[in-house]
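Asks: Supplied in structure tokens, the structure appears directly below.
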Amino acid sequence: GSDASAIVADRVFALDVANDRSAAAVAQVGPNASGQLHMEIRKHERGPHWVIPYLVEMFMQNPKAPRRIYLVPGGQSAAMEASLVEADIEVIILKRAEYAAACAALYDGVTSRTLRHRKTGQVPLDVAIGGAAWSVTDARVWDRKKSTTDISPLVAATAALWGWRI
């Protein structure tokens with residue numbers, strides 16, 4: 001991570017909600033000034049009640065950004081699809097295979113240091129990475145049940161990374 005790294009151009013957004021709906025996270029991914037991909041948690045708060053108003057305001061403040069949000073399949077965020085669409089936000093739900101590929105890409109990007117993030121102000125992401133566990137199925141994804149922390153920031157960052165790549 002580097003405090004100098006920041007997104008300078010187009011970006012994509014993703015959302016994830018914890019299985020017990022105790023928290024939600026919005027992440028963004030885009031290129032930094034040196035052209036490397038940069039990921040960042042924009043907001044991580046208790047419960048999902050804040051998500052729709054926050055996204056509506058965020059898109060109003062960023063009128064050039066596509067009103068689009070990426071979600072992972074089968075999670076609580078996907079349960080919010082109707083509310084997101086009602087708020088005029090395009091919803092793209094990753095397929096299971098895409099989510100598995102995105103998890104691998106994020107893991108590889110972090111371990112090879114090709115995916116950048118800020119050193120400070122990203123505690124929710126740091127905590128999520130520290131407590132994350134892999135599933136044992138063929139399509140390896142972040143395992144919410146085995147993880148020891150709320151991994152919604154990590155899942156949101158993973159979905160945003162996939163959104164950027166496509």
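Going through the structure tokens in order, the chains are called A, B, and so on, while each chain numbers its residues from 1 and the ligands are numbered from 1 in the order shown.
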If you run DSSP on this backbone, which residues of chain A come out as strand (DSSP E), and could you give them as a ChimeraX atom specification?
Replies: /A:12-17,23-31,37-46,68-71,90-93,115-116
Asks: With only C-alpha atoms as the counted atoms, please give the residues lying no more than 12 Å from Asp138 of chain A, apart from itself and same-chain residues fewer than 5 positions off, as a list in words.
Replies: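 Final neighbour list, sorted by chain and number: Arg96, Ala97, Ala100 and Ala101 of chain A.
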Asks: Residues near segment 61-73 of chain A, anyone? I mean within 7 Å using only C-alpha atoms, not counting same-chain ones fewer than 6 positions away, as a PyMOL selection string.
Replies: chain A and resi 13-16+89-96+99+159-160+163
Asks: Under the rule that only C-alpha atoms are counted, which of A:Ser77, A:Leu37, A:Glu45, A:Gly130 is the nearest residue to Arg113 of chain A?
Replies: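 Smallest separation from Arg113 of chain A among the options: A:Leu37.
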Asks: Calculate how many Å separate atom CA of His38 of chain A from atom CA of Asp143 of chain A, rounding to one decimal.
Replies: 23.6 Å
Asks: I need the residue nearest Arg11 of chain A from this list: A:Leu154, A:His49, A:Asp126, A:Phe59. Use only C-alpha atoms for the distance.
Replies: A:Phe59
Asks: Identify, with DSSP run on backbone atoms, the residues in chain A assigned to alpha helix (DSSP H), and express the list as a VMD selection string.
Replies: chain A and resid 51 to 61 81 to 86 96 to 111 123 to 131 152 to 165
Asks: Excluding same-chain residues fewer than 6 positions from Val123 of chain A, what lies within 10 Å of it counting only C-alpha atoms, as a list in words?
Replies: Ile41, His44, Ile129 and Pro153 of chain A
Asks: Could you pull the residues within 10 Å of Arg46 of chain A, counting only C-alpha atoms, minus those fewer than 6 positions along the same chain, as a PyMOL selection string?
Replies: chain A and resi 17-18+21-25
Asks: What is the atom CA of Arg165 of chain A-atom CA of Ala9 of chain A distance in Å, reported with one decimal?
Replies: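 These atoms are spaced 14.5 Å apart.
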